[in-house]
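Structure data (mmCIF, C-alpha atoms and all ligand atoms) from model.cif:
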```
data_target
#
loop_
_atom_site.group_PDB
_atom_site.id
_atom_site.type_symbol
_atom_site.label_atom_id
_atom_site.label_comp_id
_atom_site.auth_asym_id
_atom_site.auth_seq_id
_atom_site.Cartn_x
_atom_site.Cartn_y
_atom_site.Cartn_z
ATOM 1 C CA MET A 1 65.911 -27.566 -5.146
ATOM 2 C CA SER A 2 65.635 -29.125 -8.536
ATOM 3 C CA ASP A 3 62.471 -29.746 -10.470
ATOM 4 C CA ALA A 4 64.488 -31.913 -12.828
ATOM 5 C CA GLU A 5 64.813 -34.506 -10.084
ATOM 6 C CA THR A 6 61.078 -34.819 -9.623
ATOM 7 C CA PRO A 7 60.360 -38.414 -10.618
ATOM 8 C CA THR A 8 56.750 -38.005 -11.762
ATOM 9 C CA ASP A 9 56.144 -36.796 -15.264
ATOM 10 C CA PRO A 10 52.514 -36.454 -16.297
ATOM 11 C CA GLY A 11 53.565 -35.859 -19.887
ATOM 12 C CA ASP A 12 55.408 -39.192 -19.980
ATOM 13 C CA SER A 13 55.486 -40.503 -23.547
ATOM 14 C CA THR A 14 54.500 -44.080 -22.667
ATOM 15 C CA ALA A 15 51.386 -42.737 -20.984
ATOM 16 C CA GLU A 16 50.588 -40.747 -24.066
ATOM 17 C CA THR A 17 50.781 -43.651 -26.503
ATOM 18 C CA SER A 18 48.652 -45.924 -24.325
ATOM 19 C CA ASP A 19 45.832 -43.401 -23.810
ATOM 20 C CA SER A 20 42.935 -42.925 -26.141
ATOM 21 C CA PRO A 21 42.362 -39.356 -27.330
ATOM 22 C CA ALA A 22 39.397 -39.110 -24.973
ATOM 23 C CA GLU A 23 41.521 -40.212 -22.036
ATOM 24 C CA ARG A 24 44.197 -37.720 -22.935
ATOM 25 C CA ALA A 25 41.615 -34.972 -23.202
ATOM 26 C CA ALA A 26 40.197 -35.981 -19.830
ATOM 27 C CA LYS A 27 43.552 -35.344 -18.191
ATOM 28 C CA HIS A 28 43.511 -31.684 -19.139
ATOM 29 C CA THR A 29 47.276 -31.542 -18.995
ATOM 30 C CA PRO A 30 48.507 -30.111 -22.277
ATOM 31 C CA SER A 31 51.082 -27.575 -21.184
ATOM 32 C CA SER A 32 50.749 -25.822 -24.524
ATOM 33 C CA VAL A 33 47.088 -25.075 -23.771
ATOM 34 C CA PRO A 34 46.945 -23.297 -20.419
ATOM 35 C CA LEU A 35 43.273 -22.355 -20.598
ATOM 36 C CA GLN A 36 40.437 -24.707 -21.424
ATOM 37 C CA VAL A 37 36.795 -23.717 -21.241
ATOM 38 C CA ARG A 38 34.289 -26.576 -21.492
ATOM 39 C CA ASP A 39 30.549 -26.209 -22.068
ATOM 40 C CA LEU A 40 30.421 -23.039 -20.073
ATOM 41 C CA ARG A 41 26.951 -21.826 -19.216
ATOM 42 C CA LYS A 42 25.878 -18.845 -17.193
ATOM 43 C CA GLN A 43 22.329 -17.854 -16.557
ATOM 44 C CA PHE A 44 21.126 -14.707 -14.824
ATOM 45 C CA GLY A 45 17.532 -15.452 -13.883
ATOM 46 C CA GLY A 46 15.852 -16.075 -17.222
ATOM 47 C CA ILE A 47 18.718 -14.659 -19.287
ATOM 48 C CA VAL A 48 21.189 -17.135 -20.692
ATOM 49 C CA ALA A 49 24.339 -15.019 -21.057
ATOM 50 C CA VAL A 50 26.657 -17.911 -21.930
ATOM 51 C CA ASP A 51 25.121 -20.942 -23.532
ATOM 52 C CA GLY A 52 27.609 -23.782 -23.748
ATOM 53 C CA ALA A 53 30.804 -22.066 -24.841
ATOM 54 C CA SER A 54 33.920 -24.211 -25.322
ATOM 55 C CA PHE A 55 37.337 -23.034 -26.412
ATOM 56 C CA GLU A 56 41.015 -23.190 -25.604
ATOM 57 C CA VAL A 57 43.797 -20.662 -25.445
ATOM 58 C CA GLU A 58 47.296 -21.638 -26.496
ATOM 59 C CA LYS A 59 50.370 -20.793 -24.516
ATOM 60 C CA GLY A 60 52.116 -17.634 -25.617
ATOM 61 C CA SER A 61 49.239 -16.565 -27.820
ATOM 62 C CA LEU A 62 47.369 -13.340 -28.061
ATOM 63 C CA THR A 63 43.890 -14.746 -28.487
ATOM 64 C CA GLY A 64 41.004 -12.441 -29.248
ATOM 65 C CA LEU A 65 37.448 -12.992 -28.051
ATOM 66 C CA ILE A 66 35.015 -10.926 -30.065
ATOM 67 C CA GLY A 67 31.333 -10.762 -30.739
ATOM 68 C CA PRO A 68 28.512 -8.258 -30.919
ATOM 69 C CA ASN A 69 27.238 -6.518 -27.810
ATOM 70 C CA GLY A 70 25.498 -8.938 -25.500
ATOM 71 C CA ALA A 71 27.219 -11.972 -27.058
ATOM 72 C CA GLY A 72 28.410 -13.112 -23.636
ATOM 73 C CA LYS A 73 32.074 -12.080 -23.833
ATOM 74 C CA SER A 74 32.298 -10.302 -20.485
ATOM 75 C CA THR A 75 30.282 -12.986 -18.744
ATOM 76 C CA THR A 76 32.611 -15.648 -20.137
ATOM 77 C CA PHE A 77 35.581 -13.602 -19.026
ATOM 78 C CA ASN A 78 34.102 -13.177 -15.543
ATOM 79 C CA CYS A 79 33.353 -16.885 -15.245
ATOM 80 C CA ILE A 80 36.986 -17.662 -16.137
ATOM 81 C CA ALA A 81 38.370 -15.100 -13.690
ATOM 82 C CA GLY A 82 36.154 -16.234 -10.806
ATOM 83 C CA VAL A 83 33.973 -13.133 -10.671
ATOM 84 C CA HIS A 84 30.884 -15.161 -11.563
ATOM 85 C CA GLU A 85 30.281 -18.767 -10.702
ATOM 86 C CA PRO A 86 29.230 -20.591 -13.871
ATOM 87 C CA THR A 87 25.817 -22.221 -13.872
ATOM 88 C CA SER A 88 27.490 -25.268 -15.398
ATOM 89 C CA GLY A 89 30.537 -26.256 -17.369
ATOM 90 C CA SER A 90 34.174 -26.077 -16.374
ATOM 91 C CA VAL A 91 37.303 -24.029 -16.650
ATOM 92 C CA TYR A 92 40.791 -25.508 -16.465
ATOM 93 C CA PHE A 93 44.035 -23.661 -16.050
ATOM 94 C CA ASN A 94 47.260 -25.568 -16.597
ATOM 95 C CA GLY A 95 45.369 -28.814 -16.246
ATOM 96 C CA GLU A 96 43.740 -27.918 -12.931
ATOM 97 C CA GLU A 97 40.074 -27.233 -12.592
ATOM 98 C CA ILE A 98 39.531 -23.651 -11.429
ATOM 99 C CA THR A 99 35.752 -23.496 -11.929
ATOM 100 C CA GLY A 100 34.103 -21.441 -9.200
ATOM 101 C CA LEU A 101 37.314 -20.518 -7.391
ATOM 102 C CA GLU A 102 37.728 -17.016 -6.002
ATOM 103 C CA PRO A 103 39.558 -14.486 -8.193
ATOM 104 C CA TYR A 104 42.533 -14.384 -5.808
ATOM 105 C CA GLU A 105 42.841 -18.178 -5.872
ATOM 106 C CA ILE A 106 42.863 -18.070 -9.650
ATOM 107 C CA ALA A 107 45.412 -15.241 -9.604
ATOM 108 C CA ASN A 108 47.603 -17.314 -7.293
ATOM 109 C CA ARG A 109 47.676 -19.965 -9.995
ATOM 110 C CA GLY A 110 48.977 -17.421 -12.480
ATOM 111 C CA LEU A 111 45.807 -16.344 -14.253
ATOM 112 C CA VAL A 112 44.939 -12.694 -13.670
ATOM 113 C CA ARG A 113 42.565 -10.171 -15.053
ATOM 114 C CA THR A 114 43.047 -6.463 -15.036
ATOM 115 C CA PHE A 115 41.043 -4.638 -12.378
ATOM 116 C CA GLN A 116 39.716 -1.160 -12.635
ATOM 117 C CA ILE A 117 41.430 1.109 -10.149
ATOM 118 C CA ALA A 118 38.925 1.203 -7.307
ATOM 119 C CA ARG A 119 38.039 4.383 -5.486
ATOM 120 C CA GLU A 120 40.250 3.682 -2.463
ATOM 121 C CA LEU A 121 43.184 3.123 -4.766
ATOM 122 C CA SER A 122 42.698 6.387 -6.588
ATOM 123 C CA GLU A 123 43.635 8.105 -3.333
ATOM 124 C CA MET A 124 46.993 6.355 -3.353
ATOM 125 C CA THR A 125 49.959 7.059 -5.536
ATOM 126 C CA VAL A 126 50.769 5.070 -8.648
ATOM 127 C CA LEU A 127 53.742 3.466 -6.895
ATOM 128 C CA GLU A 128 51.617 2.537 -3.867
ATOM 129 C CA ASN A 129 49.099 0.964 -6.217
ATOM 130 C CA MET A 130 51.863 -1.133 -7.705
ATOM 131 C CA MET A 131 53.191 -2.187 -4.322
ATOM 132 C CA LEU A 132 49.741 -3.331 -3.206
ATOM 133 C CA ALA A 133 49.204 -5.613 -6.155
ATOM 134 C CA PRO A 134 51.480 -8.631 -5.650
ATOM 135 C CA ARG A 135 50.536 -11.974 -4.247
ATOM 136 C CA GLY A 136 52.440 -14.166 -1.852
ATOM 137 C CA GLN A 137 54.422 -11.453 -0.126
ATOM 138 C CA VAL A 138 56.326 -12.578 2.922
ATOM 139 C CA GLY A 139 55.417 -9.234 4.441
ATOM 140 C CA GLU A 140 51.745 -10.146 4.415
ATOM 141 C CA LYS A 141 52.422 -12.843 6.930
ATOM 142 C CA LEU A 142 53.094 -10.647 9.907
ATOM 143 C CA VAL A 143 54.266 -13.492 12.072
ATOM 144 C CA HIS A 144 57.348 -13.791 9.893
ATOM 145 C CA SER A 145 58.415 -10.265 10.567
ATOM 146 C CA VAL A 146 58.914 -10.990 14.252
ATOM 147 C CA THR A 147 60.859 -14.184 13.636
ATOM 148 C CA PRO A 148 64.590 -13.470 13.916
ATOM 149 C CA GLY A 149 66.373 -14.047 10.640
ATOM 150 C CA LEU A 150 63.273 -13.566 8.553
ATOM 151 C CA ARG A 151 63.255 -9.845 9.169
ATOM 152 C CA ASP A 152 65.953 -9.399 6.550
ATOM 153 C CA SER A 153 64.053 -11.390 3.990
ATOM 154 C CA VAL A 154 61.005 -9.180 4.513
ATOM 155 C CA VAL A 155 63.130 -6.116 3.861
ATOM 156 C CA GLU A 156 64.720 -7.797 0.863
ATOM 157 C CA GLN A 157 61.361 -8.785 -0.519
ATOM 158 C CA GLU A 158 60.109 -5.228 -0.133
ATOM 159 C CA GLU A 159 63.154 -4.053 -2.069
ATOM 160 C CA ASP A 160 62.573 -6.638 -4.818
ATOM 161 C CA LEU A 161 58.965 -5.564 -5.076
ATOM 162 C CA ARG A 162 59.921 -1.932 -5.308
ATOM 163 C CA GLU A 163 62.389 -2.754 -8.048
ATOM 164 C CA ARG A 164 59.832 -4.780 -9.927
ATOM 165 C CA ALA A 165 57.295 -1.967 -9.529
ATOM 166 C CA TRP A 166 59.702 0.585 -11.006
ATOM 167 C CA GLU A 167 60.698 -1.708 -13.876
ATOM 168 C CA THR A 168 57.072 -2.352 -14.718
ATOM 169 C CA LEU A 169 56.210 1.339 -14.545
ATOM 170 C CA GLU A 170 59.138 2.028 -16.880
ATOM 171 C CA LEU A 171 57.951 -0.654 -19.265
ATOM 172 C CA PHE A 172 54.594 1.106 -19.495
ATOM 173 C CA GLU A 173 56.278 4.505 -19.549
ATOM 174 C CA ILE A 174 54.395 5.773 -16.536
ATOM 175 C CA ASP A 175 57.354 5.825 -14.143
ATOM 176 C CA HIS A 176 57.295 9.637 -14.206
ATOM 177 C CA LEU A 177 53.823 9.360 -12.640
ATOM 178 C CA ALA A 178 54.965 7.165 -9.727
ATOM 179 C CA GLY A 179 54.254 9.865 -7.127
ATOM 180 C CA GLU A 180 50.982 10.979 -8.671
ATOM 181 C CA TYR A 181 47.642 9.996 -7.147
ATOM 182 C CA ALA A 182 46.064 7.307 -9.290
ATOM 183 C CA GLY A 183 42.854 9.338 -9.276
ATOM 184 C CA ASN A 184 44.609 12.112 -11.185
ATOM 185 C CA LEU A 185 45.586 9.904 -14.139
ATOM 186 C CA SER A 186 43.897 10.214 -17.505
ATOM 187 C CA GLY A 187 41.687 7.336 -18.638
ATOM 188 C CA GLY A 188 44.457 5.977 -20.833
ATOM 189 C CA GLN A 189 47.137 6.263 -18.157
ATOM 190 C CA ARG A 190 44.838 4.441 -15.788
ATOM 191 C CA LYS A 191 44.571 1.576 -18.279
ATOM 192 C CA LEU A 192 48.350 1.399 -18.392
ATOM 193 C CA LEU A 193 48.441 1.280 -14.602
ATOM 194 C CA GLU A 194 45.794 -1.448 -14.543
ATOM 195 C CA MET A 195 47.919 -3.556 -16.883
ATOM 196 C CA ALA A 196 51.079 -2.795 -14.928
ATOM 197 C CA ARG A 197 49.391 -3.816 -11.665
ATOM 198 C CA ALA A 198 48.249 -7.095 -13.172
ATOM 199 C CA LEU A 199 51.835 -7.850 -14.137
ATOM 200 C CA MET A 200 53.060 -7.254 -10.581
ATOM 201 C CA THR A 201 51.411 -10.543 -9.641
ATOM 202 C CA ASP A 202 53.841 -12.349 -11.944
ATOM 203 C CA PRO A 203 51.136 -14.075 -13.961
ATOM 204 C CA GLU A 204 51.435 -16.575 -16.791
ATOM 205 C CA MET A 205 48.255 -15.459 -18.432
ATOM 206 C CA VAL A 206 46.433 -12.145 -18.459
ATOM 207 C CA LEU A 207 42.754 -11.614 -19.226
ATOM 208 C CA LEU A 208 41.953 -8.231 -20.729
ATOM 209 C CA ASP A 209 38.356 -7.052 -21.074
ATOM 210 C CA GLU A 210 38.274 -4.141 -23.507
ATOM 211 C CA PRO A 211 41.604 -2.747 -22.324
ATOM 212 C CA LEU A 212 41.519 -0.016 -24.954
ATOM 213 C CA ALA A 213 38.110 1.421 -24.136
ATOM 214 C CA GLY A 214 38.457 5.186 -23.821
ATOM 215 C CA VAL A 215 42.182 5.135 -24.587
ATOM 216 C CA ASN A 216 43.561 7.722 -27.027
ATOM 217 C CA PRO A 217 45.337 6.451 -30.176
ATOM 218 C CA THR A 218 48.866 7.173 -28.897
ATOM 219 C CA LEU A 219 48.339 5.284 -25.667
ATOM 220 C CA GLU A 220 46.448 2.584 -27.505
ATOM 221 C CA GLU A 221 49.497 1.937 -29.660
ATOM 222 C CA LYS A 222 51.708 1.924 -26.582
ATOM 223 C CA LEU A 223 49.494 -0.595 -24.822
ATOM 224 C CA LEU A 224 49.344 -2.862 -27.842
ATOM 225 C CA ASP A 225 53.135 -2.668 -28.263
ATOM 226 C CA ARG A 226 53.606 -3.684 -24.636
ATOM 227 C CA ILE A 227 51.167 -6.560 -25.025
ATOM 228 C CA HIS A 228 53.092 -7.810 -28.057
ATOM 229 C CA GLU A 229 56.424 -7.499 -26.241
ATOM 230 C CA LEU A 230 55.104 -9.401 -23.256
ATOM 231 C CA ARG A 231 53.648 -12.040 -25.516
ATOM 232 C CA GLU A 232 57.076 -12.532 -27.050
ATOM 233 C CA GLU A 233 58.442 -13.035 -23.545
ATOM 234 C CA GLY A 234 56.013 -15.924 -23.139
ATOM 235 C CA TYR A 235 52.965 -14.375 -21.503
ATOM 236 C CA THR A 236 49.586 -15.536 -22.759
ATOM 237 C CA PHE A 237 46.729 -13.106 -23.350
ATOM 238 C CA LEU A 238 43.007 -13.472 -23.813
ATOM 239 C CA PHE A 239 41.831 -10.199 -25.179
ATOM 240 C CA VAL A 240 38.104 -9.375 -25.121
ATOM 241 C CA GLU A 241 37.238 -6.554 -27.446
ATOM 242 C CA HIS A 242 34.339 -5.401 -29.541
ATOM 243 C CA ASP A 243 36.543 -3.447 -31.948
ATOM 244 C CA MET A 244 36.941 -5.831 -34.853
ATOM 245 C CA ASP A 245 39.947 -4.053 -36.385
ATOM 246 C CA VAL A 246 41.997 -4.170 -33.195
ATOM 247 C CA ILE A 247 41.426 -7.895 -32.882
ATOM 248 C CA MET A 248 42.012 -8.599 -36.572
ATOM 249 C CA ASN A 249 45.275 -6.669 -36.574
ATOM 250 C CA ASN A 250 46.694 -7.983 -33.343
ATOM 251 C CA CYS A 251 45.463 -11.478 -32.548
ATOM 252 C CA GLU A 252 46.735 -14.590 -34.252
ATOM 253 C CA HIS A 253 43.790 -16.592 -33.003
ATOM 254 C CA ILE A 254 40.264 -15.285 -32.830
ATOM 255 C CA ILE A 255 37.192 -16.731 -31.157
ATOM 256 C CA VAL A 256 33.862 -15.262 -32.190
ATOM 257 C CA MET A 257 30.965 -15.456 -29.763
ATOM 258 C CA HIS A 258 27.354 -14.957 -30.659
ATOM 259 C CA GLN A 259 24.345 -15.455 -28.426
ATOM 260 C CA GLY A 260 26.410 -17.102 -25.723
ATOM 261 C CA ARG A 261 28.104 -19.608 -27.989
ATOM 262 C CA VAL A 262 31.285 -19.896 -29.991
ATOM 263 C CA LEU A 263 30.261 -19.190 -33.549
ATOM 264 C CA ALA A 264 33.651 -19.487 -35.234
ATOM 265 C CA GLU A 265 37.372 -19.716 -34.548
ATOM 266 C CA GLY A 266 40.471 -19.143 -36.591
ATOM 267 C CA ASP A 267 42.898 -16.513 -37.807
ATOM 268 C CA ALA A 268 41.842 -13.130 -39.142
ATOM 269 C CA ASP A 269 41.330 -14.450 -42.675
ATOM 270 C CA ASP A 270 39.221 -17.372 -41.503
ATOM 271 C CA ILE A 271 37.035 -15.013 -39.519
ATOM 272 C CA ARG A 272 36.765 -12.412 -42.258
ATOM 273 C CA ASN A 273 35.605 -15.059 -44.723
ATOM 274 C CA ASN A 274 33.299 -16.962 -42.405
ATOM 275 C CA GLU A 275 29.768 -16.516 -43.626
ATOM 276 C CA GLN A 276 28.142 -17.088 -40.262
ATOM 277 C CA VAL A 277 30.379 -14.432 -38.774
ATOM 278 C CA ILE A 278 29.583 -12.026 -41.563
ATOM 279 C CA ASN A 279 25.891 -12.558 -40.986
ATOM 280 C CA ALA A 280 26.016 -12.352 -37.227
ATOM 281 C CA TYR A 281 28.579 -9.704 -36.670
ATOM 282 C CA LEU A 282 30.082 -8.086 -39.703
ATOM 283 C CA GLY A 283 26.909 -7.835 -41.700
ATOM 284 C CA ASP A 284 26.312 -4.202 -40.972
ATOM 285 C CA THR A 285 29.928 -3.036 -40.772
ATOM 286 C CA VAL A 286 31.491 -4.514 -43.933
HETATM 287 P P1 LIG B 1 29.217 -8.806 -24.001
HETATM 288 O O1 LIG B 1 30.348 -8.597 -23.063
HETATM 289 O O2 LIG B 1 29.534 -9.735 -25.118
HETATM 290 O O3 LIG B 1 28.641 -7.523 -24.519
HETATM 291 P P2 LIG B 1 27.780 -9.743 -21.654
HETATM 292 O O4 LIG B 1 28.472 -10.967 -21.222
HETATM 293 O O5 LIG B 1 28.052 -8.500 -20.916
HETATM 294 O O6 LIG B 1 28.025 -9.531 -23.220
HETATM 295 O O7 LIG B 1 26.215 -9.983 -21.619
HETATM 296 C C1 LIG B 1 25.567 -11.117 -22.157
HETATM 297 C C2 LIG B 1 24.095 -11.092 -21.795
HETATM 298 O O8 LIG B 1 23.949 -11.296 -20.403
HETATM 299 C C3 LIG B 1 23.402 -9.771 -22.094
HETATM 300 O O9 LIG B 1 22.093 -10.063 -22.496
HETATM 301 C C4 LIG B 1 23.433 -9.069 -20.764
HETATM 302 O O10 LIG B 1 22.356 -8.159 -20.655
HETATM 303 C C5 LIG B 1 23.283 -10.219 -19.792
HETATM 304 N N1 LIG B 1 23.953 -9.969 -18.505
HETATM 305 C C6 LIG B 1 25.282 -9.765 -18.312
HETATM 306 N N2 LIG B 1 25.565 -9.589 -17.013
HETATM 307 C C7 LIG B 1 24.374 -9.685 -16.370
HETATM 308 C C8 LIG B 1 23.994 -9.599 -14.988
HETATM 309 N N3 LIG B 1 24.887 -9.378 -14.022
HETATM 310 N N4 LIG B 1 22.677 -9.759 -14.694
HETATM 311 C C9 LIG B 1 21.774 -9.982 -15.658
HETATM 312 N N5 LIG B 1 22.054 -10.079 -16.966
HETATM 313 C C10 LIG B 1 23.341 -9.935 -17.317
HETATM 314 MG MG MG B 2 31.420 -6.864 -22.451
#
```
Could I get this file's structure written as structure tokens?
Amino acid sequence: MSDAETPTDPGDSTAETSDSPAERAAKHTPSSVPLQVRDLRKQFGGIVAVDGASFEVEKGSLTGLIGPNGAGKSTTFNCIAGVHEPTSGSVYFNGEEITGLEPYEIANRGLVRTFQIARELSEMTVLENMMLAPRGQVGEKLVHSVTPGLRDSVVEQEEDLRERAWETLELFEIDHLAGEYAGNLSGGQRKLLEMARALMTDPEMVLLDEPLAGVNPTLEEKLLDRIHELREEGYTFLFVEHDMDVIMNNCEHIIVMHQGRVLAEGDADDIRNNEQVINAYLGDTV
């Protein structure tokens, strides 16, 4: 199988020169911008949590989404990940509209969020948690396991998964906890496991909502180091956080939300010097 032989090329240069900017934008195909959020709005009864937010996340970036409490960060995050259906607006991932899809459908496209370890999972070991995470396992399709010849591939896939699980646990330095019940982990270790599980799905982009909440400084550094390493490998991150310093020190692109809208965007210096941001968000901390 060779993708190189595929005759269609949506990024064809002749197409690009003949399109107007609006037409190009309408195609939503820039491979360097995996995530596009357009005019996103989410209302809960009378409360407008997200009020027309638009932004993009570049491939391979560690993009920070910050804003004061109640700014709409988590709601935006949940609308992207399929947890909430937006009231209006759209979300595109790799040029495909994903608005209103189920979280697993979005994960199958390569966009995952970290999940808190649910109660059932806390009664399983760390390794079992890892093995349960992946998508698209042959083993899930039971019919295959009774088809002669496919039995081996199921076993092989199980082995591959196990290997990937161990490698990922090693990466997060929690491999020594593989046999431990997830429920016995510290808050910080659990965060590491949540990240590790998200990576088992082989995503392109990972959404993190306050991944450092309740994490001690040593583990916090470890988590941030891993995120940077993974970013260098080509993963893309959207990092929702209320801790200004963490975002300023780690994200090359920062989106500031306020009252459900995007108030400002830019690098740490842009944000630090933005008067609207200072008024809305930094006013009482700087
Ligand atoms: P942030 O993550 O920036 O702190 P949220 O997205 O959690 O902000 O919340 C934005 C606004 O929406 C807040 O006023 C919050 O009370 C409200 N909100 C969030 N989730 C719900 C919900 N499920 N039902 C009702 N109101 C909600
Ligand atoms: Mg939040």
Evaluate the PyMOL selection byres (((not hetatm)) within 8 of (chain B and resi 1)) on the structure here and hand back the selected residues as an MDAnalysis selection string.
chainID A and resid 43:45 47:50 66:77 242 257:260
Query - Pick from A:Pro34, A:Gly266, A:Pro203, A:Pro211 nearest to ligand MG 2 (chain B), counting only C-alpha atoms and all ligand atoms - result: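 Among the listed residues, A:Pro211 lies closest to ligand MG 2 (chain B).
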Practice problem: Please provide as a list in words all residues within 8 Å of Gly183 in chain A, with the sequence filter that same-chain residues fewer than 3 positions apart are discarded (counting all atoms listed in the file). | Solution: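 Skipping anything fewer than 3 positions along the chain leaves Arg119, Leu121, Ser122, Glu123 and Met124 of chain A.
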Around range 51-69 of chain A, with edges along x, y and z and 5 Å added on all six sides, what centre and edge lengths do you get, in Å to one decimal, as lines of an AutoDock Vina configuration file?
```
center_x = 38.6
center_y = -15.4
center_z = -27.2
size_x = 37.0
size_y = 27.7
size_z = 17.4
```
- Task: Please evaluate the PyMOL selection byres (((chain A and resi 83) around 12) and not hetatm) against the displayed coordinates and give the resulting residues as a PyMOL selection string.
- Result: chain A and resi 42+74-82+84-86+98-107+112-113+115
Go ahead and dump the residues you just picked, C-alpha atoms, as a PDB file, in the coordinates of the input.
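Output file out_5.pdb follows:
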```
ATOM      1  CA  LYS A  42      25.878 -18.845 -17.193  1.00  0.00           C
ATOM      2  CA  SER A  74      32.298 -10.302 -20.485  1.00  0.00           C
ATOM      3  CA  THR A  75      30.282 -12.986 -18.744  1.00  0.00           C
ATOM      4  CA  THR A  76      32.611 -15.648 -20.137  1.00  0.00           C
ATOM      5  CA  PHE A  77      35.581 -13.602 -19.026  1.00  0.00           C
ATOM      6  CA  ASN A  78      34.102 -13.177 -15.543  1.00  0.00           C
ATOM      7  CA  CYS A  79      33.353 -16.885 -15.245  1.00  0.00           C
ATOM      8  CA  ILE A  80      36.986 -17.662 -16.137  1.00  0.00           C
ATOM      9  CA  ALA A  81      38.370 -15.100 -13.690  1.00  0.00           C
ATOM     10  CA  GLY A  82      36.154 -16.234 -10.806  1.00  0.00           C
ATOM     11  CA  HIS A  84      30.884 -15.161 -11.563  1.00  0.00           C
ATOM     12  CA  GLU A  85      30.281 -18.767 -10.702  1.00  0.00           C
ATOM     13  CA  PRO A  86      29.230 -20.591 -13.871  1.00  0.00           C
ATOM     14  CA  ILE A  98      39.531 -23.651 -11.429  1.00  0.00           C
ATOM     15  CA  THR A  99      35.752 -23.496 -11.929  1.00  0.00           C
ATOM     16  CA  GLY A 100      34.103 -21.441  -9.200  1.00  0.00           C
ATOM     17  CA  LEU A 101      37.314 -20.518  -7.391  1.00  0.00           C
ATOM     18  CA  GLU A 102      37.728 -17.016  -6.002  1.00  0.00           C
ATOM     19  CA  PRO A 103      39.558 -14.486  -8.193  1.00  0.00           C
ATOM     20  CA  TYR A 104      42.533 -14.384  -5.808  1.00  0.00           C
ATOM     21  CA  GLU A 105      42.841 -18.178  -5.872  1.00  0.00           C
ATOM     22  CA  ILE A 106      42.863 -18.070  -9.650  1.00  0.00           C
ATOM     23  CA  ALA A 107      45.412 -15.241  -9.604  1.00  0.00           C
ATOM     24  CA  VAL A 112      44.939 -12.694 -13.670  1.00  0.00           C
ATOM     25  CA  ARG A 113      42.565 -10.171 -15.053  1.00  0.00           C
ATOM     26  CA  PHE A 115      41.043  -4.638 -12.378  1.00  0.00           C
TER      27      PHE A 115
END
```
In Å and to one decimal, CA of Tyr181 in chain A is distant from CA of Ala133 in chain A by 15.7 Å
List the residues sitting within 9 Å of (47.8, -10.8, -19.0) in the file's frame, using only C-alpha atoms, as a ChimeraX atom specification. /A:111-114,195,198-199,203-208,227,230-231,235-239
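The two atoms in question, CA of Asn108 in chain A and CA of Arg197 in chain A, are spaced 14.3 Å apart.
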Do a neighbour search on Asp269 in chain A at 12 Å with only C-alpha atoms, toss out local chain neighbours closer than 4 positions, and write the hits as JSON, numbers by chain.
{"A": [247, 248, 249, 251, 252, 253, 254, 264, 265, 273, 274, 275, 277]}
For a quick check of understanding, using only C-alpha atoms and all ligand atoms, which of A:Gly179, A:His228, A:Gln276, A:Leu65 has the smallest distance to ligand MG 2 (chain B)?
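Nearest to ligand MG 2 (chain B): A:Leu65.
Relative to CA of Thr125 in chain A, CA of Val240 in chain A is found at 28.2 Å.
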Given the PyMOL selection byres (((chain A and resi 172) around 9) and not hetatm) and the file above, list the residues it selects as a ChimeraX atom specification.
/A:167-171,173-175,192-193,195-196,222-223,226
**Prompt:** Residues at most 8 Å from Val57 in chain A, counting all atoms listed in the file, excluding those fewer than 2 positions away in the same chain, as a list of chain:residue names?
**Reply:**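 My reading of the contact set: A:Val33, A:Pro34, A:Leu35, A:Gln36, A:Phe55, A:Lys59, A:Ser61, A:Thr63, A:Leu238.
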Met130 in chain A proximity check over A:Val262, A:Leu161, A:Val154, A:Ala118, using all atoms listed in the file: winner is A:Leu161
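Counting all atoms listed in the file, the residue from A:Glu210, A:Glu56, A:Asp267, A:Asp243 that sits nearest to ligand MG 2 (chain B) is A:Glu210.
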Exercise. From the set A:Asp209, A:Glu120, A:Glu232, A:Asp245, which residue has the shortest atom-to-atom contact distance to ligand MG 2 (chain B), counting all atoms listed in the file?
Worked result: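 Closest to ligand MG 2 (chain B) of all the choices is A:Asp209.
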Rebuild range 172-177 of chain A to N, CA, C and O atoms - output it as a short mmCIF file (atom, residue, chain, number, x, y, z; two decimals), keeping the file's coordinate frame, please.
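Saved the output as part.cif:
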```
data_model
loop_
_atom_site.label_atom_id
_atom_site.label_comp_id
_atom_site.auth_asym_id
_atom_site.auth_seq_id
_atom_site.Cartn_x
_atom_site.Cartn_y
_atom_site.Cartn_z
N PHE A 172 55.82 0.47 -19.01
CA PHE A 172 54.59 1.11 -19.50
C PHE A 172 54.74 2.62 -19.64
O PHE A 172 53.76 3.32 -19.93
N GLU A 173 55.97 3.07 -19.41
CA GLU A 173 56.28 4.50 -19.55
C GLU A 173 55.37 5.39 -18.69
O GLU A 173 54.90 6.43 -19.14
N ILE A 174 55.13 4.93 -17.48
CA ILE A 174 54.40 5.77 -16.54
C ILE A 174 55.21 5.94 -15.25
O ILE A 174 54.66 6.31 -14.21
N ASP A 175 56.51 5.69 -15.34
CA ASP A 175 57.35 5.82 -14.14
C ASP A 175 57.42 7.28 -13.67
O ASP A 175 57.54 7.53 -12.48
N HIS A 176 57.27 8.23 -14.60
CA HIS A 176 57.30 9.64 -14.21
C HIS A 176 56.05 10.00 -13.39
O HIS A 176 55.99 11.06 -12.79
N LEU A 177 55.06 9.09 -13.39
CA LEU A 177 53.82 9.36 -12.64
C LEU A 177 53.80 8.63 -11.29
O LEU A 177 52.78 8.63 -10.60
#
```
